[in-house]
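Structure record follows, encoded as structure tokens.
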Amino acid sequence: MIPNHLNKFNPNQDNFEKNEIISWLENVISEINRSTNQNKNAKICVAMSGGVDSALCGALFKEAGYNVEGITLKLYESNVERDGACCSFRDISDAKRVAQQFGFPHYVIDYKKEFKEQVIDNFISDYYSGRTPIPCVKCNQVIKFNYLFKLIKDLNFDFLVTGHYILKRENSLYIATDRTKDQSYFLYNINSEQLKNLIFPLGNLHKKQTRAIAEHLGIKVSKKPDSQDICFVEDGSYKNFLKENSDLSANQGGEMFHVDGRKLGMHDGIHQFTIGQRKGIGVSNAEPLYVIKINAEKKEVIVGEKRFLAKNIVHFNEITWVNESEMFDGKIVSARLRSMQKNTKAVLRFEKDKNYVILDEPQYFVSPGQACVLYDGEKLLGGGTIIASE
């Protein structure tokens with residue numbers, strides 16, 4: 001548990017006393033020992049992205065006396081060095097430098113082909129099918145917690161450690177202490193079998209505490225900016241990426257209608273729109289218009305006033321439950337339908353060929369391709385991919 005003084009932590013505070021930092025450090029190492037049952041012979045694989053979070057994880061386990069090896073997945077060949085990016089040559093170099101600094105092996109594993117086929121190609125396909133994908137969720141599912149788990153089993157590691165901000169308690173996952181950095185929405189597809197061998201050392205820390213500890217330990221990337229963008233969208237514009245990386249845009253133009261059936265004009269491609277979009281529609285109206293629906297088969301974009309976005313039922317598939325035995329038809333849950341949205345109370349329903357939630361209050365901006373992630377209070381239950389709403 002976090003010491004009482006951490007519960008009074010001020011996230012706006014920039015300077016910390018040395019004894020505070022040492023106390024946090026001791027607390028995290030104590031949690032590490034608890035997570036591994038103090039088995040100092042355990043073989044630890046740390047997934048290192050090149051950022052401060054995973055770098056601190058590697059340093060902490062090494063400082064605690066464990067047998068540590070770092071692995072960086074080479075997923076995308078980026079030649080652009082920019083703050084807020086990831087997957088560049090600099091990131092690989094930063095990860096290797098930290099491993100050398102703390103004296104543990106570091107390896108780079110090339111998964112560019114798998115990443116291209118299962119994340120990037122899926123990203124492109126989803127937009128051209130009228131969906132709004134979340135590539136980070138797909139990457140976590142099919143690369144980081146699929147291929148990487150196979151790899152660590154083949155190499156006889158006992159635990160996989162990552163720098164994600166999420167709490168693990170026994171065989172369950174919970175929202176991180178630092179709500180501004182919580183990554184539970186993007187990690188809903190971790191299953192109970194994977195969870196047994198996962199450790200998230202930073203779930204109880206605020207990001208400023210992480211940086212303070214890293215600086216105290218002399219970690220070279222302690223002040224490195226966080227990655228914020230989709231790694232393969234180098235200029236921040238997914239529309240430019242789609243245009244440059246597919247030959248489908250030329251035949252994606254179609255008609256734009258109001259929800260009342262009026263034809264409003266033409267558009268240049270459904271891939272340029274997402275549910276709830278307001279800007280860039282290209283149609284003037286007395287009341288602001290939003291994208292209400294995308295009909296990929298007919299290449300139609302349907303727009304209307306905000307009230308038409310309200311949805312009470314959300315259908316989803318490709319479901320993963322953290323602990324499947326806890327889930328049942330009629331369970332009261334809270335649902336998050338976009339990463340930055342607040343959770344809303346809902347009822348989970350299972351039918352023969354349907355899985356959906358009935359929301360207590362109507363929600364806006366519900367997009368196919370996004371995730372419907374379910375919680376029980378602070379506890380992460382799992383979720384799936386949104387396919388429809390009504």
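Labels for the structure tokens follow display order: chains A, B, ..., residues from 1 in each chain, ligands from 1.
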Close residues, range 50-64 of chain A itself excluded, 10 Å, only C-alpha atoms, min 6 positions apart in chain, as a PyMOL selection string: chain A and resi 25-26+28-30+32-33+38+40+44+70+72+86-99+101-104+161-165+199-202+207+210-211+213-215+217-227
Would you list, as a PyMOL selection string, the residues of range 113-268 of chain A that end up in alpha helix (DSSP H) under DSSP run on this structure's backbone? chain A and resi 113-115+121-127+135-139+148-154+192-195+207-216+238-245
Write the residues of the preceding selection, restricted to N, CA and C atoms, as a short mmCIF file (atom, residue, chain, number, x, y, z; two decimals), in the first residue's frame.
data_model
loop_
_atom_site.label_atom_id
_atom_site.label_comp_id
_atom_site.auth_asym_id
_atom_site.auth_seq_id
_atom_site.Cartn_x
_atom_site.Cartn_y
_atom_site.Cartn_z
N LYS A 113 7.44 -6.29 -39.50
CA LYS A 113 6.54 -6.97 -40.44
C LYS A 113 5.19 -7.23 -39.78
N GLU A 114 5.22 -7.78 -38.56
CA GLU A 114 3.99 -8.08 -37.84
C GLU A 114 3.22 -6.80 -37.51
N PHE A 115 3.94 -5.76 -37.13
CA PHE A 115 3.31 -4.48 -36.80
C PHE A 115 2.64 -3.87 -38.03
N ASP A 121 -1.85 -1.84 -41.22
CA ASP A 121 -2.82 -2.21 -42.25
C ASP A 121 -4.24 -2.20 -41.70
N ASN A 122 -4.41 -2.61 -40.44
CA ASN A 122 -5.71 -2.58 -39.81
C ASN A 122 -6.19 -1.14 -39.62
N PHE A 123 -5.29 -0.27 -39.27
CA PHE A 123 -5.59 1.16 -39.11
C PHE A 123 -6.13 1.74 -40.42
N ILE A 124 -5.45 1.45 -41.52
CA ILE A 124 -5.88 1.94 -42.83
C ILE A 124 -7.23 1.35 -43.22
N SER A 125 -7.36 0.04 -43.06
CA SER A 125 -8.60 -0.65 -43.43
C SER A 125 -9.79 -0.13 -42.64
N ASP A 126 -9.59 0.12 -41.35
CA ASP A 126 -10.69 0.61 -40.52
C ASP A 126 -11.21 1.96 -40.99
N TYR A 127 -10.32 2.87 -41.28
CA TYR A 127 -10.76 4.20 -41.72
C TYR A 127 -11.52 4.11 -43.05
N PRO A 135 -5.05 2.32 -32.70
CA PRO A 135 -3.89 1.47 -32.99
C PRO A 135 -3.11 1.05 -31.74
N CYS A 136 -3.12 1.88 -30.67
CA CYS A 136 -2.39 1.51 -29.46
C CYS A 136 -3.01 0.29 -28.79
N VAL A 137 -4.34 0.18 -28.83
CA VAL A 137 -5.01 -1.00 -28.28
C VAL A 137 -4.64 -2.24 -29.09
N LYS A 138 -4.69 -2.10 -30.40
CA LYS A 138 -4.34 -3.23 -31.28
C LYS A 138 -2.89 -3.65 -31.07
N CYS A 139 -2.00 -2.68 -30.93
CA CYS A 139 -0.58 -2.98 -30.71
C CYS A 139 -0.39 -3.73 -29.40
N LEU A 148 5.15 -10.80 -27.56
CA LEU A 148 6.13 -10.64 -26.50
C LEU A 148 5.96 -11.71 -25.42
N PHE A 149 4.72 -12.11 -25.14
CA PHE A 149 4.50 -13.18 -24.18
C PHE A 149 5.04 -14.51 -24.70
N LYS A 150 4.84 -14.76 -25.98
CA LYS A 150 5.41 -15.98 -26.56
C LYS A 150 6.92 -15.97 -26.46
N LEU A 151 7.50 -14.80 -26.70
CA LEU A 151 8.95 -14.66 -26.65
C LEU A 151 9.49 -14.93 -25.25
N ILE A 152 8.86 -14.33 -24.23
CA ILE A 152 9.41 -14.50 -22.89
C ILE A 152 9.22 -15.94 -22.39
N LYS A 153 8.18 -16.62 -22.87
CA LYS A 153 8.02 -18.03 -22.50
C LYS A 153 9.10 -18.88 -23.14
N ASP A 154 9.40 -18.59 -24.41
CA ASP A 154 10.45 -19.32 -25.11
C ASP A 154 11.81 -19.11 -24.46
N SER A 192 -6.64 -13.13 -18.06
CA SER A 192 -6.21 -13.64 -16.75
C SER A 192 -4.93 -14.47 -16.84
N GLU A 193 -4.75 -15.20 -17.94
CA GLU A 193 -3.55 -16.03 -18.09
C GLU A 193 -2.31 -15.15 -18.22
N GLN A 194 -2.39 -14.08 -19.00
CA GLN A 194 -1.27 -13.15 -19.15
C GLN A 194 -0.99 -12.42 -17.84
N LEU A 195 -2.04 -12.09 -17.13
CA LEU A 195 -1.90 -11.28 -15.92
C LEU A 195 -1.03 -11.94 -14.87
N LYS A 207 3.15 10.71 -12.22
CA LYS A 207 4.23 10.83 -13.20
C LYS A 207 5.38 11.69 -12.66
N LYS A 208 5.06 12.74 -11.91
CA LYS A 208 6.12 13.57 -11.37
C LYS A 208 6.96 12.82 -10.34
N GLN A 209 6.35 11.88 -9.64
CA GLN A 209 7.11 11.03 -8.72
C GLN A 209 8.03 10.11 -9.50
N THR A 210 7.52 9.56 -10.61
CA THR A 210 8.35 8.70 -11.46
C THR A 210 9.58 9.46 -11.92
N ARG A 211 9.39 10.67 -12.41
CA ARG A 211 10.53 11.46 -12.90
C ARG A 211 11.49 11.81 -11.76
N ALA A 212 10.94 12.10 -10.57
CA ALA A 212 11.80 12.44 -9.44
C ALA A 212 12.67 11.26 -9.03
N ILE A 213 12.09 10.07 -8.98
CA ILE A 213 12.87 8.87 -8.64
C ILE A 213 13.92 8.60 -9.72
N ALA A 214 13.51 8.72 -10.99
CA ALA A 214 14.44 8.48 -12.09
C ALA A 214 15.62 9.44 -12.03
N GLU A 215 15.33 10.69 -11.72
CA GLU A 215 16.42 11.68 -11.62
C GLU A 215 17.31 11.36 -10.43
N HIS A 216 16.71 10.93 -9.31
CA HIS A 216 17.48 10.55 -8.12
C HIS A 216 18.44 9.40 -8.43
N TYR A 238 -3.50 11.96 -39.47
CA TYR A 238 -3.84 10.63 -39.96
C TYR A 238 -4.35 10.71 -41.40
N LYS A 239 -4.95 11.84 -41.79
CA LYS A 239 -5.44 11.99 -43.16
C LYS A 239 -4.29 11.99 -44.15
N ASN A 240 -3.22 12.68 -43.81
CA ASN A 240 -2.02 12.67 -44.68
C ASN A 240 -1.44 11.27 -44.76
N PHE A 241 -1.43 10.58 -43.61
CA PHE A 241 -0.88 9.22 -43.60
C PHE A 241 -1.68 8.30 -44.52
N LEU A 242 -2.99 8.38 -44.42
CA LEU A 242 -3.84 7.54 -45.27
C LEU A 242 -3.62 7.85 -46.74
N LYS A 243 -3.51 9.13 -47.05
CA LYS A 243 -3.32 9.54 -48.44
C LYS A 243 -2.00 9.01 -49.01
N GLU A 244 -0.97 9.02 -48.17
CA GLU A 244 0.36 8.62 -48.62
C GLU A 244 0.57 7.11 -48.60
N ASN A 245 -0.25 6.38 -47.86
CA ASN A 245 0.02 4.96 -47.65
C ASN A 245 -1.08 4.03 -48.16
#
Find the residue from A:Asn189, A:Thr180, A:Pro362, A:Val233 that sits nearest to Tyr76 in chain A; use only C-alpha atoms when measuring. A:Val233
Pull the closest atom pair for each residue of range 176-219 of chain A that gets at most 8 Å from range 320-339 of chain A, along with the distance in Å to one decimal, counting only C-alpha atoms, ordering rows by chain and then ascending residue number, as JSON lines.
{"residue": "A:Tyr185", "atom": "CA", "partner": "A:Ser339", "partner_atom": "CA", "distance": 6.0}
{"residue": "A:Phe186", "atom": "CA", "partner": "A:Ser339", "partner_atom": "CA", "distance": 7.7}
{"residue": "A:Tyr188", "atom": "CA", "partner": "A:Thr320", "partner_atom": "CA", "distance": 7.1}
{"residue": "A:Asn189", "atom": "CA", "partner": "A:Thr320", "partner_atom": "CA", "distance": 5.0}
{"residue": "A:Ile190", "atom": "CA", "partner": "A:Val322", "partner_atom": "CA", "distance": 6.0}
{"residue": "A:Asn191", "atom": "CA", "partner": "A:Val322", "partner_atom": "CA", "distance": 4.6}
{"residue": "A:Ser192", "atom": "CA", "partner": "A:Val322", "partner_atom": "CA", "distance": 5.2}
Export of prior selection with N, CA and C atoms as a PDB file, in the first residue's frame:
ATOM      1  N   TYR A 185      -7.797   1.945 -20.052  1.00  0.00           N
ATOM      2  CA  TYR A 185      -8.646   1.883 -21.250  1.00  0.00           C
ATOM      3  C   TYR A 185      -7.925   1.172 -22.388  1.00  0.00           C
ATOM      4  N   PHE A 186      -6.620   1.386 -22.500  1.00  0.00           N
ATOM      5  CA  PHE A 186      -5.844   0.807 -23.600  1.00  0.00           C
ATOM      6  C   PHE A 186      -5.353  -0.611 -23.298  1.00  0.00           C
ATOM      7  N   TYR A 188      -7.445  -3.038 -21.737  1.00  0.00           N
ATOM      8  CA  TYR A 188      -8.590  -3.854 -21.344  1.00  0.00           C
ATOM      9  C   TYR A 188      -8.487  -5.286 -21.855  1.00  0.00           C
ATOM     10  N   ASN A 189      -7.691  -5.521 -22.908  1.00  0.00           N
ATOM     11  CA  ASN A 189      -7.666  -6.866 -23.495  1.00  0.00           C
ATOM     12  C   ASN A 189      -6.574  -7.771 -22.921  1.00  0.00           C
ATOM     13  N   ILE A 190      -6.044  -7.419 -21.759  1.00  0.00           N
ATOM     14  CA  ILE A 190      -5.171  -8.350 -21.034  1.00  0.00           C
ATOM     15  C   ILE A 190      -6.047  -9.428 -20.397  1.00  0.00           C
ATOM     16  N   ASN A 191      -5.696 -10.683 -20.609  1.00  0.00           N
ATOM     17  CA  ASN A 191      -6.509 -11.756 -20.037  1.00  0.00           C
ATOM     18  C   ASN A 191      -5.879 -12.314 -18.757  1.00  0.00           C
ATOM     19  N   SER A 192      -6.637 -13.135 -18.059  1.00  0.00           N
ATOM     20  CA  SER A 192      -6.207 -13.636 -16.754  1.00  0.00           C
ATOM     21  C   SER A 192      -4.934 -14.474 -16.838  1.00  0.00           C
TER      22      SER A 192
END
Env of range 273-282 of chain A: 7 Å cut, atoms = only C-alpha atoms, seq-sep filter 3 positions within chain, self excluded. Answer as a ChimeraX atom specification. /A:132,270,289-293,309,365-367
Output the selection as a compact mmCIF listing (two decimals), in the first residue's frame - C-alpha atoms for each residue.
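Result file follows (out_23.txt):
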# COMPACT_ATOMS: atom_id res chain seq x y z
CA THR A 132 -12.28 4.96 -36.04
CA ILE A 270 -15.31 8.50 -45.87
CA LEU A 289 -23.59 19.88 -37.81
CA TYR A 290 -21.84 16.70 -36.68
CA VAL A 291 -21.07 13.43 -38.42
CA ILE A 292 -23.84 11.11 -37.22
CA LYS A 293 -23.26 8.00 -39.33
CA LEU A 309 -25.51 11.66 -31.68
CA PHE A 365 -19.51 10.52 -29.97
CA VAL A 366 -19.86 6.70 -29.89
CA SER A 367 -17.75 5.47 -32.81
Residues near Glu361 in chain A, cut-off 12 Å, only C-alpha atoms, skip fewer than 4 positions along chain, as a list in words: Ala310, Lys311, Asn312, Ile313, Val314, Ser334, Ala335, Lys342, Asn343, Thr344, Lys345, Ala346, Val347 and Val357 of chain A
Could you write out the selected residues, including C-alpha atoms, as a PDB file, in the first residue's frame?
ATOM      1  CA  ALA A 310     -27.160  10.552 -28.410  1.00  0.00           C
ATOM      2  CA  LYS A 311     -26.949   6.780 -27.905  1.00  0.00           C
ATOM      3  CA  ASN A 312     -28.345   4.574 -25.152  1.00  0.00           C
ATOM      4  CA  ILE A 313     -27.203   1.126 -26.315  1.00  0.00           C
ATOM      5  CA  VAL A 314     -23.708   0.159 -27.436  1.00  0.00           C
ATOM      6  CA  SER A 334     -19.575   1.556 -15.632  1.00  0.00           C
ATOM      7  CA  ALA A 335     -18.613   2.017 -19.267  1.00  0.00           C
ATOM      8  CA  LYS A 342     -15.907   9.862 -18.094  1.00  0.00           C
ATOM      9  CA  ASN A 343     -17.329   6.494 -17.127  1.00  0.00           C
ATOM     10  CA  THR A 344     -21.098   6.136 -17.177  1.00  0.00           C
ATOM     11  CA  LYS A 345     -23.281   3.614 -15.343  1.00  0.00           C
ATOM     12  CA  ALA A 346     -24.609   0.776 -17.519  1.00  0.00           C
ATOM     13  CA  VAL A 347     -26.076  -2.734 -17.533  1.00  0.00           C
ATOM     14  CA  VAL A 357     -24.490  -2.356 -22.657  1.00  0.00           C
TER      15      VAL A 357
END
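Interatomic distance, CA of Gln252 in chain A to CA of Ile120 in chain A: 19.2 Å.
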Just checking: using only C-alpha atoms, which residue out of A:Glu378, A:Glu305, A:Glu297, A:Lys74 ends up closest to Ser284 in chain A?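 Closest residue, counting only C-alpha atoms: A:Glu305.
Closest to Glu318 in chain A among A:Gly253, A:Gly369, A:Gly384, A:Gly269 is A:Gly384, based on only C-alpha atoms.
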